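J.: Structure file input.cif (mmCIF, N, CA and C atoms) is given on the next line.
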data_model
#
loop_
_atom_site.label_atom_id
_atom_site.label_comp_id
_atom_site.auth_asym_id
_atom_site.auth_seq_id
_atom_site.Cartn_x
_atom_site.Cartn_y
_atom_site.Cartn_z
N MET A 50 1.36 21.47 -74.50
CA MET A 50 2.75 21.10 -74.74
C MET A 50 2.86 19.57 -74.75
N GLN A 51 3.62 19.04 -75.69
CA GLN A 51 3.83 17.60 -75.79
C GLN A 51 4.73 17.11 -74.66
N LEU A 52 4.53 15.83 -74.27
CA LEU A 52 5.34 15.22 -73.22
C LEU A 52 6.83 15.32 -73.57
N ARG A 53 7.18 15.04 -74.81
CA ARG A 53 8.59 15.08 -75.22
C ARG A 53 9.19 16.46 -74.98
N ASN A 54 8.51 17.50 -75.43
CA ASN A 54 9.03 18.86 -75.26
C ASN A 54 9.17 19.23 -73.79
N LEU A 55 8.18 18.86 -73.00
CA LEU A 55 8.20 19.15 -71.58
C LEU A 55 9.38 18.48 -70.89
N LEU A 56 9.56 17.18 -71.14
CA LEU A 56 10.64 16.44 -70.47
C LEU A 56 12.02 16.86 -70.97
N GLU A 57 12.17 17.06 -72.27
CA GLU A 57 13.48 17.48 -72.80
C GLU A 57 13.85 18.87 -72.29
N ALA A 58 12.86 19.74 -72.09
CA ALA A 58 13.13 21.07 -71.53
C ALA A 58 13.60 20.97 -70.08
N LYS A 59 13.24 19.88 -69.42
CA LYS A 59 13.65 19.66 -68.02
C LYS A 59 14.92 18.81 -67.93
N GLY A 60 15.58 18.57 -69.05
CA GLY A 60 16.86 17.87 -69.04
C GLY A 60 16.80 16.37 -69.21
N PHE A 61 15.64 15.83 -69.56
CA PHE A 61 15.53 14.39 -69.81
C PHE A 61 16.03 14.07 -71.20
N GLN A 62 16.60 12.88 -71.35
CA GLN A 62 17.05 12.41 -72.65
C GLN A 62 16.10 11.33 -73.14
N ARG A 63 15.73 11.42 -74.39
CA ARG A 63 14.79 10.47 -75.00
C ARG A 63 15.54 9.24 -75.50
N ILE A 64 15.05 8.06 -75.11
CA ILE A 64 15.62 6.79 -75.52
C ILE A 64 14.55 6.02 -76.28
N VAL A 65 14.83 5.66 -77.52
CA VAL A 65 13.87 4.89 -78.32
C VAL A 65 13.91 3.43 -77.87
N LEU A 66 12.73 2.86 -77.70
CA LEU A 66 12.60 1.46 -77.30
C LEU A 66 12.04 0.65 -78.45
N ARG A 67 12.32 -0.64 -78.43
CA ARG A 67 11.74 -1.56 -79.41
C ARG A 67 10.72 -2.42 -78.69
N LYS A 68 9.54 -2.50 -79.24
CA LYS A 68 8.52 -3.37 -78.68
C LYS A 68 8.64 -4.73 -79.36
N MET A 69 8.91 -5.75 -78.57
CA MET A 69 9.05 -7.11 -79.10
C MET A 69 7.67 -7.70 -79.38
N THR A 70 7.65 -8.77 -80.13
CA THR A 70 6.38 -9.43 -80.41
C THR A 70 5.74 -9.98 -79.13
N THR A 71 6.53 -10.16 -78.08
CA THR A 71 6.03 -10.63 -76.78
C THR A 71 5.35 -9.51 -75.99
N GLY A 72 5.55 -8.26 -76.45
CA GLY A 72 5.03 -7.11 -75.71
C GLY A 72 6.07 -6.46 -74.82
N HIS A 73 7.22 -7.11 -74.62
CA HIS A 73 8.30 -6.53 -73.82
C HIS A 73 8.94 -5.38 -74.59
N TYR A 74 9.47 -4.41 -73.85
CA TYR A 74 10.21 -3.31 -74.46
C TYR A 74 11.69 -3.52 -74.19
N THR A 75 12.50 -3.29 -75.21
CA THR A 75 13.94 -3.45 -75.07
C THR A 75 14.67 -2.19 -75.53
N CYS A 76 15.91 -2.09 -75.09
CA CYS A 76 16.78 -1.02 -75.56
C CYS A 76 18.15 -1.62 -75.83
N ARG A 77 18.86 -0.96 -76.71
CA ARG A 77 20.25 -1.33 -76.99
C ARG A 77 21.13 -0.41 -76.17
N ALA A 78 22.12 -0.99 -75.50
CA ALA A 78 22.98 -0.20 -74.63
C ALA A 78 24.38 -0.81 -74.62
N GLU A 79 25.29 -0.13 -73.95
CA GLU A 79 26.65 -0.64 -73.78
C GLU A 79 26.93 -0.83 -72.30
N LEU A 80 27.48 -1.99 -71.98
CA LEU A 80 27.93 -2.28 -70.62
C LEU A 80 29.41 -2.56 -70.71
N ASN A 81 30.19 -1.73 -70.06
CA ASN A 81 31.65 -1.84 -70.12
C ASN A 81 32.13 -1.89 -71.58
N THR A 82 31.60 -1.02 -72.40
CA THR A 82 31.89 -0.80 -73.83
C THR A 82 31.42 -1.92 -74.76
N LYS A 83 30.74 -2.92 -74.24
CA LYS A 83 30.23 -4.02 -75.07
C LYS A 83 28.72 -3.85 -75.26
N LYS A 84 28.26 -4.02 -76.50
CA LYS A 84 26.84 -3.80 -76.82
C LYS A 84 25.97 -4.97 -76.37
N GLY A 85 24.76 -4.60 -75.91
CA GLY A 85 23.81 -5.62 -75.49
C GLY A 85 22.38 -5.13 -75.61
N VAL A 86 21.45 -6.06 -75.44
CA VAL A 86 20.02 -5.76 -75.49
C VAL A 86 19.44 -6.04 -74.11
N PHE A 87 18.68 -5.07 -73.59
CA PHE A 87 18.15 -5.14 -72.24
C PHE A 87 16.65 -4.93 -72.24
N ILE A 88 15.95 -5.79 -71.52
CA ILE A 88 14.51 -5.62 -71.34
C ILE A 88 14.28 -4.52 -70.31
N ILE A 89 13.32 -3.65 -70.57
CA ILE A 89 12.90 -2.65 -69.59
C ILE A 89 11.83 -3.33 -68.74
N ASP A 90 12.08 -3.47 -67.44
CA ASP A 90 11.16 -4.20 -66.58
C ASP A 90 10.91 -3.44 -65.28
N THR A 91 9.82 -2.70 -65.25
CA THR A 91 9.48 -1.91 -64.06
C THR A 91 9.14 -2.80 -62.87
N GLY A 92 8.82 -4.06 -63.12
CA GLY A 92 8.49 -4.99 -62.04
C GLY A 92 9.69 -5.71 -61.45
N ALA A 93 10.85 -5.56 -62.08
CA ALA A 93 12.07 -6.17 -61.54
C ALA A 93 12.71 -5.17 -60.58
N SER A 94 12.93 -5.57 -59.35
CA SER A 94 13.49 -4.63 -58.37
C SER A 94 14.93 -4.26 -58.69
N SER A 95 15.68 -5.20 -59.26
CA SER A 95 17.09 -4.98 -59.55
C SER A 95 17.40 -5.20 -61.02
N SER A 96 18.39 -4.49 -61.51
CA SER A 96 18.88 -4.71 -62.87
C SER A 96 19.75 -5.96 -62.86
N CYS A 97 19.63 -6.78 -63.90
CA CYS A 97 20.25 -8.10 -63.91
C CYS A 97 20.95 -8.37 -65.23
N ILE A 98 21.93 -9.23 -65.15
CA ILE A 98 22.63 -9.74 -66.33
C ILE A 98 22.62 -11.26 -66.23
N ASP A 99 22.43 -11.92 -67.35
CA ASP A 99 22.45 -13.37 -67.38
C ASP A 99 23.88 -13.86 -67.15
N PHE A 100 24.03 -14.89 -66.33
CA PHE A 100 25.35 -15.49 -66.09
C PHE A 100 26.07 -15.80 -67.40
N GLU A 101 25.32 -16.18 -68.42
CA GLU A 101 25.90 -16.54 -69.71
C GLU A 101 26.72 -15.40 -70.33
N HIS A 102 26.42 -14.16 -69.96
CA HIS A 102 27.06 -13.01 -70.60
C HIS A 102 28.09 -12.30 -69.71
N VAL A 103 28.50 -12.94 -68.62
CA VAL A 103 29.50 -12.35 -67.72
C VAL A 103 30.79 -12.04 -68.47
N GLY A 104 31.27 -12.97 -69.28
CA GLY A 104 32.50 -12.78 -70.03
C GLY A 104 32.38 -11.70 -71.09
N LEU A 105 31.25 -11.67 -71.79
CA LEU A 105 31.03 -10.67 -72.83
C LEU A 105 31.20 -9.26 -72.29
N PHE A 106 30.65 -9.01 -71.11
CA PHE A 106 30.67 -7.65 -70.54
C PHE A 106 31.83 -7.42 -69.57
N ASN A 107 32.75 -8.37 -69.48
CA ASN A 107 33.92 -8.25 -68.59
C ASN A 107 33.50 -7.95 -67.15
N LEU A 108 32.53 -8.70 -66.66
CA LEU A 108 32.02 -8.49 -65.31
C LEU A 108 32.84 -9.28 -64.30
N ILE A 109 33.05 -8.70 -63.14
CA ILE A 109 33.75 -9.37 -62.05
C ILE A 109 32.69 -9.82 -61.05
N GLN A 110 32.55 -11.14 -60.91
CA GLN A 110 31.53 -11.71 -60.03
C GLN A 110 31.98 -11.66 -58.58
N GLU A 111 31.05 -11.25 -57.74
CA GLU A 111 31.27 -11.29 -56.30
C GLU A 111 30.19 -12.17 -55.70
N LYS A 112 30.54 -12.83 -54.63
CA LYS A 112 29.59 -13.73 -53.98
C LYS A 112 28.39 -12.94 -53.46
N SER A 113 27.23 -13.57 -53.54
CA SER A 113 26.00 -12.98 -53.04
C SER A 113 25.18 -14.07 -52.37
N ASP A 114 24.61 -13.76 -51.22
CA ASP A 114 23.75 -14.70 -50.52
C ASP A 114 22.28 -14.49 -50.87
N VAL A 115 22.03 -13.56 -51.78
CA VAL A 115 20.66 -13.26 -52.18
C VAL A 115 20.13 -14.38 -53.06
N ILE A 116 18.90 -14.78 -52.80
CA ILE A 116 18.21 -15.75 -53.64
C ILE A 116 17.18 -14.98 -54.45
N ALA A 117 17.24 -15.12 -55.75
CA ALA A 117 16.33 -14.37 -56.63
C ALA A 117 15.07 -15.16 -56.92
N ALA A 118 14.02 -14.41 -57.15
CA ALA A 118 12.75 -14.99 -57.60
C ALA A 118 12.20 -14.08 -58.67
N GLY A 119 11.62 -14.68 -59.69
CA GLY A 119 11.06 -13.88 -60.77
C GLY A 119 9.94 -14.64 -61.42
N ALA A 120 9.36 -14.03 -62.41
CA ALA A 120 8.27 -14.67 -63.14
C ALA A 120 8.74 -16.00 -63.71
N GLY A 121 8.10 -17.06 -63.31
CA GLY A 121 8.40 -18.36 -63.87
C GLY A 121 9.46 -19.16 -63.14
N ASP A 122 10.11 -18.59 -62.13
CA ASP A 122 11.14 -19.35 -61.42
C ASP A 122 11.37 -18.72 -60.05
N SER A 123 11.95 -19.50 -59.14
CA SER A 123 12.27 -18.98 -57.81
C SER A 123 13.47 -19.73 -57.26
N ASN A 124 14.00 -19.24 -56.15
CA ASN A 124 15.16 -19.84 -55.47
C ASN A 124 16.38 -19.96 -56.38
N MET A 125 16.64 -18.90 -57.14
CA MET A 125 17.78 -18.91 -58.05
C MET A 125 19.00 -18.28 -57.36
N LYS A 126 20.12 -18.94 -57.48
CA LYS A 126 21.35 -18.40 -56.92
C LYS A 126 21.79 -17.18 -57.73
N THR A 127 22.42 -16.23 -57.04
CA THR A 127 22.86 -15.00 -57.69
C THR A 127 24.31 -14.70 -57.36
N ALA A 128 24.85 -13.75 -58.09
CA ALA A 128 26.14 -13.15 -57.79
C ALA A 128 25.95 -11.65 -58.03
N LEU A 129 26.96 -10.88 -57.74
CA LEU A 129 26.89 -9.44 -57.90
C LEU A 129 28.07 -8.97 -58.74
N ALA A 130 27.83 -7.99 -59.61
CA ALA A 130 28.90 -7.36 -60.39
C ALA A 130 28.80 -5.86 -60.15
N GLN A 131 29.81 -5.31 -59.49
CA GLN A 131 29.79 -3.89 -59.13
C GLN A 131 30.78 -3.09 -59.98
N ASN A 132 30.66 -1.77 -59.86
CA ASN A 132 31.61 -0.83 -60.49
C ASN A 132 31.69 -0.97 -62.00
N ASN A 133 30.54 -1.00 -62.65
CA ASN A 133 30.49 -1.10 -64.11
C ASN A 133 30.06 0.23 -64.72
N VAL A 134 30.30 0.36 -66.01
CA VAL A 134 29.90 1.55 -66.74
C VAL A 134 28.82 1.15 -67.74
N PHE A 135 27.67 1.81 -67.63
CA PHE A 135 26.52 1.51 -68.48
C PHE A 135 26.17 2.75 -69.29
N LYS A 136 26.07 2.58 -70.60
CA LYS A 136 25.78 3.71 -71.48
C LYS A 136 24.56 3.40 -72.34
N LEU A 137 23.58 4.27 -72.22
CA LEU A 137 22.34 4.15 -72.98
C LEU A 137 22.21 5.44 -73.78
N LYS A 138 22.48 5.33 -75.09
CA LYS A 138 22.58 6.49 -75.97
C LYS A 138 23.71 7.36 -75.43
N ASN A 139 23.46 8.61 -75.04
CA ASN A 139 24.50 9.45 -74.44
C ASN A 139 24.37 9.53 -72.92
N HIS A 140 23.53 8.70 -72.37
CA HIS A 140 23.27 8.69 -70.93
C HIS A 140 24.20 7.67 -70.28
N LYS A 141 25.24 8.15 -69.58
CA LYS A 141 26.27 7.27 -69.03
C LYS A 141 26.15 7.19 -67.51
N THR A 142 26.20 5.95 -66.99
CA THR A 142 26.15 5.72 -65.55
C THR A 142 27.40 4.97 -65.15
N LYS A 143 28.17 5.55 -64.24
CA LYS A 143 29.37 4.89 -63.73
C LYS A 143 29.04 4.22 -62.40
N ASN A 144 29.85 3.24 -62.04
CA ASN A 144 29.71 2.53 -60.76
C ASN A 144 28.34 1.88 -60.59
N ILE A 145 27.79 1.36 -61.66
CA ILE A 145 26.49 0.67 -61.59
C ILE A 145 26.73 -0.80 -61.25
N SER A 146 25.81 -1.34 -60.46
CA SER A 146 25.88 -2.75 -60.08
C SER A 146 24.75 -3.53 -60.75
N PHE A 147 25.03 -4.78 -61.06
CA PHE A 147 24.04 -5.68 -61.63
C PHE A 147 24.01 -6.97 -60.82
N VAL A 148 22.82 -7.50 -60.64
CA VAL A 148 22.67 -8.84 -60.07
C VAL A 148 22.88 -9.81 -61.22
N LEU A 149 23.65 -10.85 -60.98
CA LEU A 149 23.90 -11.86 -61.99
C LEU A 149 23.11 -13.11 -61.62
N PHE A 150 22.34 -13.62 -62.56
CA PHE A 150 21.67 -14.89 -62.34
C PHE A 150 21.23 -15.51 -63.65
N ASP A 151 20.74 -16.71 -63.57
CA ASP A 151 20.36 -17.48 -64.75
C ASP A 151 19.04 -16.96 -65.31
N LEU A 152 19.09 -16.34 -66.48
CA LEU A 152 17.88 -15.82 -67.13
C LEU A 152 17.37 -16.77 -68.21
N SER A 153 17.80 -18.02 -68.18
CA SER A 153 17.42 -18.94 -69.26
C SER A 153 15.90 -19.13 -69.34
N HIS A 154 15.20 -19.10 -68.21
CA HIS A 154 13.74 -19.27 -68.25
C HIS A 154 13.07 -18.10 -68.97
N VAL A 155 13.61 -16.89 -68.80
CA VAL A 155 13.08 -15.70 -69.48
C VAL A 155 13.41 -15.78 -70.96
N LYS A 156 14.66 -16.08 -71.26
CA LYS A 156 15.10 -16.14 -72.65
C LYS A 156 14.38 -17.24 -73.43
N LYS A 157 14.12 -18.37 -72.78
CA LYS A 157 13.44 -19.47 -73.44
C LYS A 157 12.02 -19.07 -73.82
N ALA A 158 11.32 -18.43 -72.89
CA ALA A 158 9.94 -18.01 -73.17
C ALA A 158 9.90 -16.99 -74.30
N ILE A 159 10.82 -16.05 -74.30
CA ILE A 159 10.85 -15.02 -75.34
C ILE A 159 11.24 -15.61 -76.69
N SER A 160 12.21 -16.53 -76.68
CA SER A 160 12.71 -17.08 -77.96
C SER A 160 11.66 -17.87 -78.72
N MET A 161 10.61 -18.28 -78.04
CA MET A 161 9.54 -19.02 -78.72
C MET A 161 8.78 -18.14 -79.71
N VAL A 162 8.83 -16.83 -79.50
CA VAL A 162 8.09 -15.92 -80.39
C VAL A 162 8.94 -14.79 -80.97
N ASP A 163 10.15 -14.59 -80.44
CA ASP A 163 10.99 -13.49 -80.91
C ASP A 163 12.46 -13.94 -80.84
N PRO A 164 13.22 -13.80 -81.93
CA PRO A 164 14.60 -14.29 -81.96
C PRO A 164 15.63 -13.36 -81.28
N THR A 165 15.20 -12.23 -80.75
CA THR A 165 16.13 -11.28 -80.14
C THR A 165 16.91 -11.91 -78.99
N ILE A 166 18.21 -11.74 -78.98
CA ILE A 166 19.04 -12.21 -77.87
C ILE A 166 18.97 -11.16 -76.76
N ILE A 167 18.58 -11.60 -75.58
CA ILE A 167 18.47 -10.72 -74.42
C ILE A 167 19.68 -10.94 -73.52
N HIS A 168 20.37 -9.87 -73.17
CA HIS A 168 21.55 -9.96 -72.32
C HIS A 168 21.24 -9.68 -70.86
N GLY A 169 20.21 -8.86 -70.63
CA GLY A 169 19.90 -8.51 -69.25
C GLY A 169 18.60 -7.74 -69.13
N ILE A 170 18.38 -7.26 -67.93
CA ILE A 170 17.15 -6.55 -67.59
C ILE A 170 17.51 -5.24 -66.90
N LEU A 171 16.88 -4.15 -67.32
CA LEU A 171 16.98 -2.89 -66.59
C LEU A 171 15.78 -2.82 -65.67
N GLY A 172 16.04 -2.85 -64.39
CA GLY A 172 14.97 -2.90 -63.41
C GLY A 172 14.69 -1.57 -62.74
N ALA A 173 13.82 -1.63 -61.74
CA ALA A 173 13.35 -0.43 -61.05
C ALA A 173 14.48 0.35 -60.39
N ASP A 174 15.55 -0.33 -59.96
CA ASP A 174 16.67 0.39 -59.34
C ASP A 174 17.25 1.43 -60.30
N TYR A 175 17.51 1.03 -61.53
CA TYR A 175 18.06 1.93 -62.55
C TYR A 175 17.02 2.96 -62.98
N LEU A 176 15.79 2.50 -63.23
CA LEU A 176 14.74 3.38 -63.73
C LEU A 176 14.42 4.48 -62.71
N LYS A 177 14.36 4.13 -61.45
CA LYS A 177 14.07 5.12 -60.41
C LYS A 177 15.22 6.11 -60.25
N LYS A 178 16.44 5.59 -60.23
CA LYS A 178 17.62 6.45 -60.05
C LYS A 178 17.68 7.53 -61.13
N HIS A 179 17.21 7.21 -62.33
CA HIS A 179 17.29 8.14 -63.45
C HIS A 179 15.93 8.75 -63.80
N SER A 180 15.00 8.68 -62.84
CA SER A 180 13.67 9.30 -62.99
C SER A 180 13.01 8.94 -64.32
N ALA A 181 13.07 7.67 -64.68
CA ALA A 181 12.56 7.22 -65.98
C ALA A 181 11.07 7.51 -66.13
N VAL A 182 10.72 7.99 -67.31
CA VAL A 182 9.33 8.18 -67.71
C VAL A 182 9.14 7.34 -68.97
N LEU A 183 8.22 6.39 -68.90
CA LEU A 183 7.96 5.53 -70.05
C LEU A 183 6.78 6.07 -70.84
N ASP A 184 6.98 6.21 -72.14
CA ASP A 184 5.91 6.64 -73.04
C ASP A 184 5.58 5.45 -73.94
N TYR A 185 4.64 4.64 -73.48
CA TYR A 185 4.29 3.42 -74.21
C TYR A 185 3.67 3.74 -75.57
N GLY A 186 2.97 4.83 -75.67
CA GLY A 186 2.32 5.21 -76.93
C GLY A 186 3.32 5.53 -78.02
N ARG A 187 4.50 6.01 -77.64
CA ARG A 187 5.51 6.39 -78.62
C ARG A 187 6.73 5.48 -78.59
N ASN A 188 6.66 4.37 -77.82
CA ASN A 188 7.76 3.40 -77.72
C ASN A 188 9.09 4.07 -77.37
N CYS A 189 9.07 4.84 -76.30
CA CYS A 189 10.32 5.47 -75.84
C CYS A 189 10.26 5.67 -74.34
N MET A 190 11.41 6.03 -73.78
CA MET A 190 11.47 6.41 -72.38
C MET A 190 12.40 7.61 -72.27
N TYR A 191 12.25 8.32 -71.18
CA TYR A 191 13.05 9.51 -70.91
C TYR A 191 13.82 9.28 -69.62
N LEU A 192 15.10 9.63 -69.62
CA LEU A 192 15.96 9.49 -68.45
C LEU A 192 16.58 10.83 -68.11
N LYS A 193 16.76 11.06 -66.82
CA LYS A 193 17.40 12.29 -66.38
C LYS A 193 18.76 11.98 -65.80
#
Let me see whether you can do it: turn the structure in this file into structure tokens.
T.:
Amino acid sequence: MQLRNLLEAKGFQRIVLRKMTTGHYTCRAELNTKKGVFIIDTGASSSCIDFEHVGLFNLIQEKSDVIAAGAGDSNMKTALAQNNVFKLKNHKTKNISFVLFDLSHVKKAISMVDPTIIHGILGADYLKKHSAVLDYGRNCMYLK
């Protein structure tokens, strides 16, 4: 039995991913009814949105004492945006929270080889909550 048939029979929904020239995988989704592009990042503990796109997604910033660290940068100030609605294909998540911080270092590195505008990152918090299964061979993931 194929992975797709097995997972869909168990109630997983298939999400097509785009592989960027950088090797990153992205998906198109809606956050608070506004469309955006999100990197799938199993190594990111939290899902994040770039401060630059707070207005686009109508996010309400709350103070956060958390200092973020990621590939290429550390000691970054953050904020939190709670109670949002995130829709990936027909897979809808209500009351989702995102860490807000400056993703310019990520976007700068990607823009050198790929013109795609990145709005945020889907991290392990989201992927685990929805039992994500990544199928790198077929450029897709499955969510429950």
J.: Between A:Leu66, A:Leu149, A:Ala173, A:Leu108, which residue has the minimum interatomic distance to Lys126 of chain A, considering all atoms listed in the file?
T.: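 So, comparing all the options, the nearest one is A:Leu149.
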J.: Find the residues near Leu192 of chain A: any atom within 5 Å, counting all atoms listed in the file, skip ones fewer than 3 places away on the same chain, and give them as a list in words.
T.: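 Near Leu192 of chain A, the qualifying residues are Phe61, Gln62, His179 and Ala181 of chain A.
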J.: Can you pull out every residue from chain A that DSSP, working from the backbone, puts in alpha helix (DSSP H), and format the result as a list in words?
T.: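 Answer for chain A, restricted to alpha helix (DSSP H): Leu52, Arg53, Asn54, Leu55, Leu56, Glu57, Ala58, Ser153, His154, Val155, Lys156, Lys157, Ala158, Ile159, Ser160, Ala173, Asp174, Tyr175, Leu176, Lys177 and Lys178 of chain A.
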J.: Looking at all atoms listed in the file, which of A:Val162, A:Val65, A:Ala58, A:Ala130 is the one that sits closest to Arg187 of chain A?
T.: A:Val65
J.: Choose the residue, out of A:Val182, A:Ile170, A:Val86, A:Cys97, that has the smallest atom-to-atom separation from Ser146 of chain A; count only C-alpha atoms.
T.: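 Using only C-alpha atoms, Ser146 of chain A sits closest to A:Cys97.
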J.: Could you state the separation of atom C of Leu80 of chain A and atom N of Val134 of chain A in Å, given to one decimal place?
T.: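 Separation between atom C of Leu80 of chain A and atom N of Val134 of chain A: 5.6 Å.
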J.: So which residues of segment 77-173 of chain A fall under strand (DSSP E or B) by DSSP, listed as a PyMOL selection string?
T.: chain A and resi 77-80+83-89+97-99+111-119+122-137+140-150+169-171
J.: Identify, on the basis of only N, CA and C atoms, every residue whose closest approach to Gln110 of chain A does not exceed 8 Å; exclude the query and any residue fewer than 2 positions from it along the same chain; express the result as a list in words.
T.: Val103, Asn107, Leu108, Lys112, Ser113, Ala128, Leu129, Ala130, Gln131 and Leu149 of chain A
J.: For the file shown, what are the residues hit by the PyMOL selection byres (((chain A and resi 69-74 and name CA) around 9) and name CA), laid out as a PyMOL selection string?
T.: chain A and resi 66-68+75-76+87-90+159+162-163+165+185+188-189
J.: What separation in Å, quoted to one decimal, exists between atom C of His102 of chain A and atom CA of Asp184 of chain A?
T.: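 Taking atom C of His102 of chain A as the start and atom CA of Asp184 of chain A as the end point, the length is 29.4 Å.
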J.: At a cut-off of 8 Å, using all atoms listed in the file, what residues contact Phe106 of chain A? Leave out same-chain residues fewer than 3 positions from it and give the result as a count of residues only.
T.: 10
J.: Axis-aligned box over every listed atom of segment 175-193 of chain A, padded by 8 Å per side: centre and edges in Å to one decimal, as JSON?
T.:
{"center_x": 10.5, "center_y": 6.7, "center_z": -69.3, "size_x": 32.4, "size_y": 27.3, "size_z": 34.6}
J.: Excluding Ser153 of chain A and its own-chain neighbours fewer than 2 positions away, which residues fall within 10 Å of it when counting only C-alpha atoms? Please give them as a PyMOL selection string.
T.: chain A and resi 99-101+150-151+155-159+167
J.: Name the residues within 6 Å of (21.4, 2.2, -75.9), counting only N, CA and C atoms in the file's coordinates, and put them as a ChimeraX atom specification.
T.: /A:76-79,136-138
J.: When you draw a straight line from atom C of Ser95 of chain A to atom CA of Pro164 of chain A, how long is it in Å?
T.: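 Taking atom C of Ser95 of chain A as the start and atom CA of Pro164 of chain A as the end point, the length is 23.0 Å.
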J.: When you count all atoms listed in the file, which of these residues is closest to His140 of chain A: A:Gln51, A:Lys59, A:Leu176, A:Lys193?
T.: A:Lys193
